[in-house]
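Novice: The following file, protein.txt, comprises compact mmCIF, C-alpha atoms (C1' of nucleotides):
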```txt
# COMPACT_ATOMS: atom_id res chain seq x y z
CA MET K 1 23.70 -6.66 -0.73
CA LYS K 2 22.95 -9.66 -2.91
CA ILE K 3 22.10 -12.77 -0.92
CA ALA K 4 21.31 -16.30 -2.06
CA THR K 5 20.56 -19.83 -0.95
CA TRP K 6 21.41 -23.12 -2.63
CA ASN K 7 21.05 -26.72 -1.57
CA VAL K 8 24.06 -28.21 -3.35
CA ASN K 9 23.47 -31.89 -2.47
CA SER K 10 27.14 -32.58 -1.63
CA LEU K 11 29.66 -29.76 -1.69
CA LYS K 12 32.34 -32.25 -2.67
CA VAL K 13 30.54 -33.04 -5.93
CA ARG K 14 29.29 -29.49 -6.51
CA GLN K 15 32.40 -27.53 -5.50
CA GLN K 16 33.14 -26.39 -9.04
CA HIS K 17 29.48 -25.52 -9.63
CA VAL K 18 29.54 -23.29 -6.57
CA ILE K 19 32.74 -21.59 -7.72
CA ASP K 20 31.39 -21.08 -11.24
CA TRP K 21 28.07 -19.78 -9.98
CA LEU K 22 29.70 -17.34 -7.55
CA ALA K 23 31.77 -15.98 -10.42
CA GLU K 24 28.73 -15.30 -12.61
CA SER K 25 26.18 -14.31 -9.96
CA HIS K 26 28.44 -12.00 -7.95
CA VAL K 27 26.42 -12.63 -4.80
CA ASP K 28 27.73 -11.16 -1.57
CA VAL K 29 26.37 -13.94 0.62
CA LEU K 30 25.63 -17.54 -0.35
CA CYS K 31 23.92 -19.85 2.10
CA LEU K 32 24.56 -23.53 1.38
CA GLN K 33 22.75 -26.66 2.53
CA GLU K 34 23.43 -30.38 2.34
CA LEU K 35 27.21 -30.07 2.40
CA LYS K 36 27.40 -33.78 3.22
CA LEU K 37 30.95 -33.53 4.47
CA PRO K 38 32.72 -33.18 7.84
CA ASP K 39 34.28 -29.81 8.69
CA GLU K 40 37.83 -31.03 8.00
CA LYS K 41 36.82 -31.75 4.39
CA PHE K 42 35.28 -28.31 3.77
CA PRO K 43 37.04 -26.65 0.79
CA ARG K 44 37.73 -23.43 2.67
CA ALA K 45 40.99 -22.57 0.89
CA GLU K 46 39.57 -23.21 -2.57
CA LEU K 47 36.63 -20.88 -1.93
CA GLU K 48 38.89 -18.29 -0.34
CA ALA K 49 41.00 -18.34 -3.51
CA HIS K 50 37.85 -17.24 -5.35
CA GLY K 51 37.19 -14.39 -2.97
CA TYR K 52 34.81 -15.91 -0.42
CA ARG K 53 35.31 -16.70 3.25
CA SER K 54 33.35 -19.58 4.76
CA TRP K 55 31.53 -20.37 7.98
CA PHE K 56 30.03 -23.81 8.26
CA ALA K 57 28.64 -26.57 10.44
CA GLY K 58 29.14 -29.93 8.78
CA GLN K 59 28.97 -33.62 9.47
CA LYS K 60 29.73 -36.78 7.58
CA THR K 61 27.25 -38.03 4.93
CA TYR K 62 24.19 -35.96 5.82
CA ASN K 63 23.02 -32.38 6.34
CA GLY K 64 25.57 -29.63 6.89
CA VAL K 65 25.12 -25.91 6.30
CA GLY K 66 27.41 -23.02 5.46
CA ILE K 67 27.57 -19.34 4.64
CA LEU K 68 29.99 -17.91 2.08
CA VAL K 69 30.77 -14.20 2.35
CA ARG K 70 32.60 -11.99 -0.12
CA GLY K 71 35.98 -10.86 1.07
CA ASN K 72 35.21 -7.19 1.54
CA LEU K 73 32.26 -7.67 3.92
CA PHE K 74 32.83 -7.59 7.64
CA VAL K 75 31.57 -10.55 9.65
CA ASP K 76 31.44 -10.14 13.41
CA GLU K 77 32.88 -13.45 14.67
CA ALA K 78 31.15 -13.07 18.01
CA THR K 79 27.77 -13.36 16.27
CA VAL K 80 28.35 -16.78 14.68
CA VAL K 81 25.90 -19.38 15.98
CA ARG K 82 25.68 -23.03 15.00
CA ASN K 83 22.42 -24.94 15.47
CA ILE K 84 19.34 -23.80 17.36
CA PRO K 85 20.68 -23.04 20.83
CA ALA K 86 17.81 -24.53 22.86
CA PHE K 87 17.40 -27.56 20.56
CA ASP K 88 19.99 -30.23 21.19
CA ASP K 89 20.52 -31.91 17.83
CA PRO K 90 23.39 -33.92 16.34
CA GLN K 91 22.12 -33.00 12.85
CA GLN K 92 23.83 -29.88 11.54
CA ARG K 93 21.02 -27.78 10.07
CA VAL K 94 21.54 -24.16 11.09
CA ILE K 95 24.29 -21.56 11.02
CA ALA K 96 23.88 -17.83 11.57
CA LEU K 97 26.10 -14.77 11.46
CA THR K 98 25.80 -11.01 11.25
CA ILE K 99 27.09 -8.69 8.51
CA ASP K 100 26.73 -4.96 9.14
CA GLY K 101 23.74 -5.50 11.39
CA VAL K 102 22.04 -7.90 8.98
CA ARG K 103 21.44 -11.30 10.52
CA ILE K 104 21.91 -14.11 7.99
CA VAL K 105 20.55 -17.56 8.83
CA SER K 106 21.29 -20.57 6.61
CA ALA K 107 18.92 -23.43 7.40
CA TYR K 108 18.34 -26.94 6.15
CA PHE K 109 14.88 -27.90 7.37
CA PRO K 110 14.26 -31.61 7.98
CA ASN K 111 12.76 -33.53 5.09
CA GLY K 112 10.11 -35.24 7.22
CA GLN K 113 9.77 -38.36 5.03
CA ALA K 114 5.95 -38.64 5.36
CA PRO K 115 3.23 -37.43 7.73
CA GLY K 116 2.86 -39.78 10.67
CA THR K 117 6.47 -40.97 10.72
CA ASP K 118 9.08 -40.33 13.41
CA LYS K 119 10.96 -38.13 10.97
CA PHE K 120 7.85 -36.03 10.43
CA ALA K 121 7.47 -35.59 14.19
CA TYR K 122 11.11 -34.50 14.32
CA LYS K 123 10.45 -32.01 11.53
CA LEU K 124 7.57 -30.44 13.45
CA ALA K 125 9.57 -30.34 16.71
CA TRP K 126 12.49 -28.75 14.85
CA LEU K 127 10.13 -26.18 13.29
CA ASN K 128 8.76 -25.30 16.72
CA ALA K 129 12.28 -24.80 18.05
CA LEU K 130 13.22 -22.71 15.01
CA HIS K 131 10.14 -20.52 15.48
CA ASP K 132 10.87 -19.85 19.14
CA TRP K 133 14.55 -19.16 18.50
CA LEU K 134 13.78 -16.76 15.64
CA ALA K 135 11.23 -14.89 17.74
CA ASP K 136 14.09 -14.27 20.16
CA GLU K 137 16.63 -13.48 17.43
CA LEU K 138 14.33 -10.84 15.96
CA THR K 139 14.48 -8.87 19.20
CA ARG K 140 18.28 -8.81 18.95
CA TYR K 141 18.51 -8.49 15.16
CA PRO K 142 15.52 -6.69 13.63
CA LYS K 143 17.12 -7.05 10.20
CA LEU K 144 17.07 -10.80 9.70
CA ALA K 145 17.03 -13.01 6.60
CA LEU K 146 16.18 -16.71 6.86
CA LEU K 147 17.50 -18.49 3.79
CA GLY K 148 17.47 -22.16 3.04
CA ASP K 149 15.89 -25.39 1.99
CA TYR K 150 12.64 -25.30 3.94
CA ASN K 151 11.34 -28.61 2.62
CA ILE K 152 7.91 -26.96 2.55
CA ALA K 153 5.99 -25.76 -0.50
CA PRO K 154 3.87 -23.06 1.16
CA ASP K 155 1.12 -22.77 -1.44
CA ASP K 156 -0.44 -24.78 -4.25
CA ARG K 157 1.18 -22.31 -6.66
CA ASP K 158 4.47 -23.79 -5.48
CA VAL K 159 3.55 -27.31 -6.60
CA HIS K 160 3.57 -28.56 -10.21
CA ASP K 161 0.64 -30.90 -9.58
CA PRO K 162 -1.23 -29.89 -6.41
CA LYS K 163 -3.79 -32.64 -6.78
CA ALA K 164 -1.20 -35.40 -6.92
CA TRP K 165 0.68 -33.90 -3.98
CA GLU K 166 -2.31 -33.13 -1.77
CA GLY K 167 -1.62 -34.03 1.86
CA GLN K 168 1.82 -35.42 1.10
CA ASN K 169 5.10 -34.63 2.75
CA LEU K 170 6.39 -31.12 1.88
CA VAL K 171 2.86 -29.77 1.27
CA SER K 172 0.83 -31.18 4.20
CA PRO K 173 -1.40 -28.83 6.24
CA GLU K 174 0.79 -29.30 9.34
CA GLU K 175 3.91 -28.18 7.47
CA ARG K 176 2.16 -25.27 5.81
CA ALA K 177 0.80 -24.21 9.21
CA GLN K 178 4.39 -24.13 10.48
CA PHE K 179 5.44 -21.99 7.54
CA GLU K 180 2.56 -19.64 8.38
CA ARG K 181 3.74 -19.50 11.99
CA LEU K 182 7.01 -18.07 10.67
CA ILE K 183 5.03 -15.57 8.61
CA GLY K 184 3.23 -14.78 11.86
CA LEU K 185 6.52 -13.49 13.24
CA GLY K 186 6.33 -10.81 10.56
CA PHE K 187 8.49 -12.49 7.94
CA VAL K 188 7.83 -11.82 4.28
CA ASP K 189 8.41 -14.35 1.49
CA ALA K 190 10.81 -12.33 -0.67
CA PHE K 191 9.86 -14.25 -3.81
CA ARG K 192 6.18 -13.33 -3.49
CA GLN K 193 6.92 -9.64 -3.09
CA PHE K 194 7.38 -9.52 -6.84
CA GLU K 195 5.53 -10.63 -9.91
CA GLN K 196 6.85 -14.04 -10.89
CA PRO K 197 6.52 -16.41 -13.82
CA GLU K 198 3.94 -19.11 -13.16
CA LYS K 199 5.27 -22.52 -12.17
CA THR K 200 8.55 -21.29 -10.81
CA PHE K 201 10.15 -24.02 -8.73
CA THR K 202 13.45 -24.59 -6.92
CA TRP K 203 13.62 -28.38 -6.82
CA TRP K 204 13.04 -31.09 -9.41
CA ASP K 205 13.38 -34.81 -8.82
CA TYR K 206 16.32 -36.40 -10.60
CA ARG K 207 13.99 -39.10 -11.85
CA MET K 208 11.48 -39.28 -14.68
CA PHE K 209 12.77 -36.24 -16.53
CA ALA K 210 11.20 -34.05 -13.86
CA PHE K 211 13.29 -30.98 -14.72
CA ARG K 212 12.57 -31.28 -18.43
CA ARG K 213 8.85 -31.50 -17.60
CA ASN K 214 9.18 -28.74 -14.97
CA ALA K 215 7.63 -31.16 -12.49
CA GLY K 216 9.01 -29.33 -9.48
CA LEU K 217 8.30 -27.72 -6.15
CA ARG K 218 9.23 -24.36 -4.67
CA ILE K 219 10.73 -25.41 -1.35
CA ASP K 220 13.79 -23.15 -1.08
CA HIS K 221 12.96 -19.74 0.29
CA ILE K 222 14.21 -16.39 1.52
CA LEU K 223 12.13 -14.95 4.34
CA LEU K 224 12.84 -11.36 5.33
CA SER K 225 12.02 -9.72 8.65
CA PRO K 226 9.73 -6.65 8.72
CA ALA K 227 12.74 -4.34 9.02
CA LEU K 228 14.51 -5.94 6.06
CA ALA K 229 11.68 -6.72 3.62
CA PRO K 230 11.16 -3.09 2.48
CA HIS K 231 14.80 -3.02 1.32
CA CYS K 232 14.35 -5.97 -1.04
CA THR K 233 14.36 -4.93 -4.70
CA SER K 234 14.25 -8.35 -6.40
CA CYS K 235 14.00 -12.07 -5.77
CA THR K 236 14.49 -14.69 -8.46
CA VAL K 237 15.21 -18.37 -8.98
CA ASP K 238 18.23 -19.11 -11.16
CA LYS K 239 17.41 -22.30 -13.03
CA ALA K 240 20.63 -22.28 -15.04
CA PRO K 241 22.78 -24.43 -12.71
CA ARG K 242 20.09 -27.13 -12.75
CA LYS K 243 20.94 -27.58 -16.45
CA TRP K 244 24.65 -28.02 -15.87
CA GLU K 245 26.45 -31.35 -16.04
CA GLN K 246 25.83 -33.45 -12.89
CA PRO K 247 23.65 -30.81 -11.22
CA SER K 248 22.23 -30.46 -7.75
CA ASP K 249 18.51 -31.23 -7.73
CA HIS K 250 17.95 -27.72 -6.31
CA ALA K 251 18.36 -24.33 -7.98
CA PRO K 252 19.65 -21.21 -6.21
CA VAL K 253 17.31 -18.44 -5.04
CA VAL K 254 18.67 -14.88 -5.09
CA ALA K 255 17.47 -11.67 -3.42
CA GLU K 256 18.82 -8.15 -3.73
CA LEU K 257 18.72 -5.82 -0.74
CA ALA K 258 19.22 -2.08 -1.13
CA LEU K 259 20.82 -1.10 2.16
CA SER K 260 22.18 2.32 2.91
CA ALA K 261 25.29 2.53 5.04
C1' DA G 1 1.35 -49.48 -5.74
C1' DT G 2 6.14 -49.20 -7.22
C1' DG G 3 10.13 -47.30 -9.10
C1' DG G 4 12.62 -44.03 -11.44
C1' DC G 5 18.00 -40.87 -9.91
C1' DG G 6 22.00 -39.49 -7.32
C1' DA G 7 25.21 -39.34 -3.27
C1' DA G 8 27.57 -41.55 0.44
C1' DT G 9 29.14 -45.55 2.82
C1' DG G 10 33.03 -50.68 6.72
C1' DC G 11 30.46 -50.17 -0.92
C1' DT G 12 28.98 -55.08 -5.65
C1' DA G 13 23.66 -53.38 -1.40
C1' DT G 14 21.57 -50.15 1.53
C1' DT G 15 19.88 -45.65 3.27
C1' DC G 16 18.31 -41.21 2.48
C1' DG G 17 16.67 -37.39 0.03
C1' DA G 18 12.02 -34.77 -1.60
```
Could I get this structure in the form of structure tokens?

Specialist:
Amino acid sequence: MKIATWNVNSLKVRQQHVIDWLAESHVDVLCLQELKLPDEKFPRAELEAHGYRSWFAGQKTYNGVGILVRGNLFVDEATVVRNIPAFDDPQQRVIALTIDGVRIVSAYFPNGQAPGTDKFAYKLAWLNALHDWLADELTRYPKLALLGDYNIAPDDRDVHDPKAWEGQNLVSPEERAQFERLIGLGFVDAFRQFEQPEKTFTWWDYRMFAFRRNAGLRIDHILLSPALAPHCTSCTVDKAPRKWEQPSDHAPVVAELALSA
DNA sequence: ATGGCGAATGCTATTCGA
């Protein structure tokens, strides 16, 4: 099973990119973030015409998450969950579903703006709620993959200029401690299971030629539960779509899972 | 220290993202 995550920064603008990338990547599951459209505007039929069914939780303007699943895979409708159940939140940031016993979670972590702000406090509260919910989910679904835009660069290796970024939003000790709390649940960072090129990132600012200079961060991740991690045979960042016309500022991350039936 | 870019919106200016 090939799974992936991609923050598309508006599905309306990036619809054709998603369709083109699905056609060339042949992923089985694609988790999307920042749909930026209400559910009635979701291009369900267009994606279905290209062989993918959709589950999503959207809202106007901001946030919004989805999961695209190839037509031949069985999704148990009863397992679909939107948002963190115990965390009342108008912002649509989480959707989960189960495919053949594999729990797939698509998550758009809060940005946080800057340490000390209200938005940062919300980010930490959201992370606490996510942690507690996932601890519970793992008891029900030992095979669980958490894919998404984490808005956290977990290590200095994940930052183009660690000195310039020190203590800032996305790399602060509080955020990294929250990432480590997820690791404490047994999760494995799929990307770091394999040898990787240095300075591999998943996001580059639109400004100041950041992509051309590879001035990026690795903030999009695939965490795999202890029962799932041993099945992972590869994890890579696909930079190609970031070079396309009118790109998202994020690149997709892909992991392959070798699962026997 | 600021802005740069891009998307969305009661749109010709503002907010947010990261």

Novice: Could you give me, as a PyMOL selection string, the residues that sit within 12 Å of (21.6, -28.7, -12.0) in the file's coordinates, counting only C-alpha atoms (C1' of nucleotides)?

Specialist: (chain K and resi 6-9+13-14+17-18+21+202-206+210-212+238-252) or (chain G and resi 6)

Novice: Generate a file of the selected residues that holds C-alpha atoms (C1' of nucleotides), formatted as a PDB file, keeping the file's coordinate frame.

Specialist:
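Now in result_3.pdb:
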```
ATOM      1  CA  TRP K   6      21.410 -23.120  -2.630  1.00  0.00           C
ATOM      2  CA  ASN K   7      21.050 -26.720  -1.570  1.00  0.00           C
ATOM      3  CA  VAL K   8      24.060 -28.210  -3.350  1.00  0.00           C
ATOM      4  CA  ASN K   9      23.470 -31.890  -2.470  1.00  0.00           C
ATOM      5  CA  VAL K  13      30.540 -33.040  -5.930  1.00  0.00           C
ATOM      6  CA  ARG K  14      29.290 -29.490  -6.510  1.00  0.00           C
ATOM      7  CA  HIS K  17      29.480 -25.520  -9.630  1.00  0.00           C
ATOM      8  CA  VAL K  18      29.540 -23.290  -6.570  1.00  0.00           C
ATOM      9  CA  TRP K  21      28.070 -19.780  -9.980  1.00  0.00           C
ATOM     10  CA  THR K 202      13.450 -24.590  -6.920  1.00  0.00           C
ATOM     11  CA  TRP K 203      13.620 -28.380  -6.820  1.00  0.00           C
ATOM     12  CA  TRP K 204      13.040 -31.090  -9.410  1.00  0.00           C
ATOM     13  CA  ASP K 205      13.380 -34.810  -8.820  1.00  0.00           C
ATOM     14  CA  TYR K 206      16.320 -36.400 -10.600  1.00  0.00           C
ATOM     15  CA  ALA K 210      11.200 -34.050 -13.860  1.00  0.00           C
ATOM     16  CA  PHE K 211      13.290 -30.980 -14.720  1.00  0.00           C
ATOM     17  CA  ARG K 212      12.570 -31.280 -18.430  1.00  0.00           C
ATOM     18  CA  ASP K 238      18.230 -19.110 -11.160  1.00  0.00           C
ATOM     19  CA  LYS K 239      17.410 -22.300 -13.030  1.00  0.00           C
ATOM     20  CA  ALA K 240      20.630 -22.280 -15.040  1.00  0.00           C
ATOM     21  CA  PRO K 241      22.780 -24.430 -12.710  1.00  0.00           C
ATOM     22  CA  ARG K 242      20.090 -27.130 -12.750  1.00  0.00           C
ATOM     23  CA  LYS K 243      20.940 -27.580 -16.450  1.00  0.00           C
ATOM     24  CA  TRP K 244      24.650 -28.020 -15.870  1.00  0.00           C
ATOM     25  CA  GLU K 245      26.450 -31.350 -16.040  1.00  0.00           C
ATOM     26  CA  GLN K 246      25.830 -33.450 -12.890  1.00  0.00           C
ATOM     27  CA  PRO K 247      23.650 -30.810 -11.220  1.00  0.00           C
ATOM     28  CA  SER K 248      22.230 -30.460  -7.750  1.00  0.00           C
ATOM     29  CA  ASP K 249      18.510 -31.230  -7.730  1.00  0.00           C
ATOM     30  CA  HIS K 250      17.950 -27.720  -6.310  1.00  0.00           C
ATOM     31  CA  ALA K 251      18.360 -24.330  -7.980  1.00  0.00           C
ATOM     32  CA  PRO K 252      19.650 -21.210  -6.210  1.00  0.00           C
TER      33      PRO K 252
ATOM     34  C1'  DG G   6      22.000 -39.490  -7.320  1.00  0.00           C
TER      35       DG G   6
END
```

Novice: In Å, with one decimal, what is the gap from CA of Leu68 in chain K to CA of Val237 in chain K?

Specialist: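 These atoms are spaced 18.5 Å apart.
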
Novice: Compute the chain K side of the contact with chain G at 8 Å, counting only C-alpha atoms (C1' of nucleotides), and hand it back as a list in words.

Specialist: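 Within 8 Å of chain G on chain K, we get Asn9, Ser10, Thr61, Asn111, Gln113, Asn151, Leu170, Asp205, Tyr206, Arg207 and Met208 of chain K.
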
Novice: Provide the CA of Ile19 in chain K to CA of Leu228 in chain K distance in Å, to one decimal place.

Specialist: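 Distance between the two atoms: 27.7 Å.
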
Novice: Would you mind telling me which residue in K:Asp149, K:Tyr52, K:Glu137, K:Gln59 lies nearest to Asp39 in chain K when using all atoms listed in the file?

Specialist: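 Comparing K:Asp149, K:Tyr52, K:Glu137, K:Gln59 against Asp39 in chain K, the winner is K:Gln59.
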
Novice: I'd like the neighbourhood of Asp158 in chain K as a JSON list (two decimals) with C-alpha atoms, keeping the file's coordinate frame, where a residue qualifies if any of its atoms comes within 10 Å (using all atoms listed in the file), though same-chain residues fewer than 5 positions away should be ignored.

Specialist:
```json
[["chain", "number", "residue", "atom", "x", "y", "z"],
["K", 152, "ILE", "CA", 7.91, -26.96, 2.55],
["K", 153, "ALA", "CA", 5.99, -25.76, -0.50],
["K", 171, "VAL", "CA", 2.86, -29.77, 1.27],
["K", 198, "GLU", "CA", 3.94, -19.11, -13.16],
["K", 199, "LYS", "CA", 5.27, -22.52, -12.17],
["K", 200, "THR", "CA", 8.55, -21.29, -10.81],
["K", 201, "PHE", "CA", 10.15, -24.02, -8.73],
["K", 202, "THR", "CA", 13.45, -24.59, -6.92],
["K", 216, "GLY", "CA", 9.01, -29.33, -9.48],
["K", 217, "LEU", "CA", 8.30, -27.72, -6.15],
["K", 218, "ARG", "CA", 9.23, -24.36, -4.67],
["K", 219, "ILE", "CA", 10.73, -25.41, -1.35]]
```

Novice: Hey, what's within 8 Å of range 54-56 of chain K if we count all atoms listed in the file and toss same-chain stuff fewer than 3 positions away? As a list in words, please?

Specialist: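 Contacts, in chain order: Asp39, Arg44, Leu47, Glu48, Gly64, Val65, Gly66, Ile67, Leu68, Val69 and Ile95 of chain K.
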
Novice: Put those residues in a file: C-alpha atoms, as a PDB file, in the frame of the given file.

Specialist:
```
ATOM      1  CA  ASP K  39      34.280 -29.810   8.690  1.00  0.00           C
ATOM      2  CA  ARG K  44      37.730 -23.430   2.670  1.00  0.00           C
ATOM      3  CA  LEU K  47      36.630 -20.880  -1.930  1.00  0.00           C
ATOM      4  CA  GLU K  48      38.890 -18.290  -0.340  1.00  0.00           C
ATOM      5  CA  GLY K  64      25.570 -29.630   6.890  1.00  0.00           C
ATOM      6  CA  VAL K  65      25.120 -25.910   6.300  1.00  0.00           C
ATOM      7  CA  GLY K  66      27.410 -23.020   5.460  1.00  0.00           C
ATOM      8  CA  ILE K  67      27.570 -19.340   4.640  1.00  0.00           C
ATOM      9  CA  LEU K  68      29.990 -17.910   2.080  1.00  0.00           C
ATOM     10  CA  VAL K  69      30.770 -14.200   2.350  1.00  0.00           C
ATOM     11  CA  ILE K  95      24.290 -21.560  11.020  1.00  0.00           C
TER      12      ILE K  95
END
```

Novice: In Å, with one decimal, what is the gap from CA of His231 in chain K to CA of Asn72 in chain K?

Specialist: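 Atom-to-atom, CA of His231 in chain K to CA of Asn72 in chain K, that is 20.8 Å.
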
Novice: Pick from K:Glu195, K:Asp132, K:Asp189, K:Asp28: nearest to His221 in chain K, with only C-alpha atoms counted?

Specialist: K:Asp189

Novice: Restrict the output to range 172-190 of chain K and N, CA, C and O atoms, then write it as a PDB file, in the first residue's frame.

Specialist:
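Output below, filename out00.pdb:
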```
ATOM      1  N   SER K 172      10.328  25.527  17.800  1.00  0.00           N
ATOM      2  CA  SER K 172      10.532  25.855  19.214  1.00  0.00           C
ATOM      3  C   SER K 172      10.600  24.587  20.073  1.00  0.00           C
ATOM      4  O   SER K 172      10.056  23.540  19.697  1.00  0.00           O
ATOM      5  N   PRO K 173      11.271  24.660  21.224  1.00  0.00           N
ATOM      6  CA  PRO K 173      11.367  23.497  22.111  1.00  0.00           C
ATOM      7  C   PRO K 173       9.999  22.939  22.505  1.00  0.00           C
ATOM      8  O   PRO K 173       9.837  21.714  22.594  1.00  0.00           O
ATOM      9  N   GLU K 174       9.022  23.818  22.741  1.00  0.00           N
ATOM     10  CA  GLU K 174       7.691  23.324  23.140  1.00  0.00           C
ATOM     11  C   GLU K 174       7.077  22.463  22.036  1.00  0.00           C
ATOM     12  O   GLU K 174       6.484  21.415  22.307  1.00  0.00           O
ATOM     13  N   GLU K 175       7.212  22.919  20.792  1.00  0.00           N
ATOM     14  CA  GLU K 175       6.635  22.154  19.681  1.00  0.00           C
ATOM     15  C   GLU K 175       7.386  20.839  19.476  1.00  0.00           C
ATOM     16  O   GLU K 175       6.784  19.787  19.248  1.00  0.00           O
ATOM     17  N   ARG K 176       8.684  20.898  19.568  1.00  0.00           N
ATOM     18  CA  ARG K 176       9.477  19.679  19.393  1.00  0.00           C
ATOM     19  C   ARG K 176       9.203  18.690  20.522  1.00  0.00           C
ATOM     20  O   ARG K 176       9.197  17.471  20.308  1.00  0.00           O
ATOM     21  N   ALA K 177       8.947  19.211  21.727  1.00  0.00           N
ATOM     22  CA  ALA K 177       8.594  18.326  22.840  1.00  0.00           C
ATOM     23  C   ALA K 177       7.271  17.619  22.548  1.00  0.00           C
ATOM     24  O   ALA K 177       7.097  16.439  22.880  1.00  0.00           O
ATOM     25  N   GLN K 178       6.341  18.336  21.914  1.00  0.00           N
ATOM     26  CA  GLN K 178       5.062  17.713  21.553  1.00  0.00           C
ATOM     27  C   GLN K 178       5.254  16.647  20.475  1.00  0.00           C
ATOM     28  O   GLN K 178       4.609  15.596  20.507  1.00  0.00           O
ATOM     29  N   PHE K 179       6.111  16.912  19.543  1.00  0.00           N
ATOM     30  CA  PHE K 179       6.426  15.887  18.530  1.00  0.00           C
ATOM     31  C   PHE K 179       7.002  14.648  19.224  1.00  0.00           C
ATOM     32  O   PHE K 179       6.621  13.516  18.907  1.00  0.00           O
ATOM     33  N   GLU K 180       7.894  14.883  20.182  1.00  0.00           N
ATOM     34  CA  GLU K 180       8.504  13.755  20.909  1.00  0.00           C
ATOM     35  C   GLU K 180       7.475  13.006  21.761  1.00  0.00           C
ATOM     36  O   GLU K 180       7.624  11.810  21.988  1.00  0.00           O
ATOM     37  N   ARG K 181       6.452  13.713  22.223  1.00  0.00           N
ATOM     38  CA  ARG K 181       5.383  13.012  22.953  1.00  0.00           C
ATOM     39  C   ARG K 181       4.669  12.028  22.028  1.00  0.00           C
ATOM     40  O   ARG K 181       4.270  10.950  22.453  1.00  0.00           O
ATOM     41  N   LEU K 182       4.516  12.394  20.771  1.00  0.00           N
ATOM     42  CA  LEU K 182       3.916  11.447  19.814  1.00  0.00           C
ATOM     43  C   LEU K 182       4.857  10.255  19.615  1.00  0.00           C
ATOM     44  O   LEU K 182       4.421   9.104  19.583  1.00  0.00           O
ATOM     45  N   ILE K 183       6.141  10.534  19.484  1.00  0.00           N
ATOM     46  CA  ILE K 183       7.121   9.453  19.372  1.00  0.00           C
ATOM     47  C   ILE K 183       7.049   8.559  20.611  1.00  0.00           C
ATOM     48  O   ILE K 183       7.209   7.332  20.528  1.00  0.00           O
ATOM     49  N   GLY K 184       6.764   9.178  21.747  1.00  0.00           N
ATOM     50  CA  GLY K 184       6.626   8.430  22.994  1.00  0.00           C
ATOM     51  C   GLY K 184       5.487   7.419  22.978  1.00  0.00           C
ATOM     52  O   GLY K 184       5.477   6.465  23.772  1.00  0.00           O
ATOM     53  N   LEU K 185       4.534   7.615  22.087  1.00  0.00           N
ATOM     54  CA  LEU K 185       3.452   6.635  21.933  1.00  0.00           C
ATOM     55  C   LEU K 185       3.917   5.428  21.127  1.00  0.00           C
ATOM     56  O   LEU K 185       3.145   4.491  20.922  1.00  0.00           O
ATOM     57  N   GLY K 186       5.141   5.483  20.639  1.00  0.00           N
ATOM     58  CA  GLY K 186       5.688   4.371  19.870  1.00  0.00           C
ATOM     59  C   GLY K 186       5.810   4.656  18.388  1.00  0.00           C
ATOM     60  O   GLY K 186       6.342   3.834  17.643  1.00  0.00           O
ATOM     61  N   PHE K 187       5.331   5.812  17.970  1.00  0.00           N
ATOM     62  CA  PHE K 187       5.376   6.151  16.546  1.00  0.00           C
ATOM     63  C   PHE K 187       6.817   6.265  16.042  1.00  0.00           C
ATOM     64  O   PHE K 187       7.721   6.667  16.782  1.00  0.00           O
ATOM     65  N   VAL K 188       6.965   5.946  14.767  1.00  0.00           N
ATOM     66  CA  VAL K 188       8.258   6.043  14.100  1.00  0.00           C
ATOM     67  C   VAL K 188       8.122   7.016  12.932  1.00  0.00           C
ATOM     68  O   VAL K 188       7.151   6.952  12.163  1.00  0.00           O
ATOM     69  N   ASP K 189       9.075   7.919  12.806  1.00  0.00           N
ATOM     70  CA  ASP K 189       9.124   8.846  11.674  1.00  0.00           C
ATOM     71  C   ASP K 189       9.584   8.055  10.441  1.00  0.00           C
ATOM     72  O   ASP K 189      10.759   7.707  10.320  1.00  0.00           O
ATOM     73  N   ALA K 190       8.640   7.774   9.545  1.00  0.00           N
ATOM     74  CA  ALA K 190       8.943   6.896   8.407  1.00  0.00           C
ATOM     75  C   ALA K 190      10.148   7.402   7.610  1.00  0.00           C
ATOM     76  O   ALA K 190      10.996   6.614   7.178  1.00  0.00           O
TER      77      ALA K 190
END
```
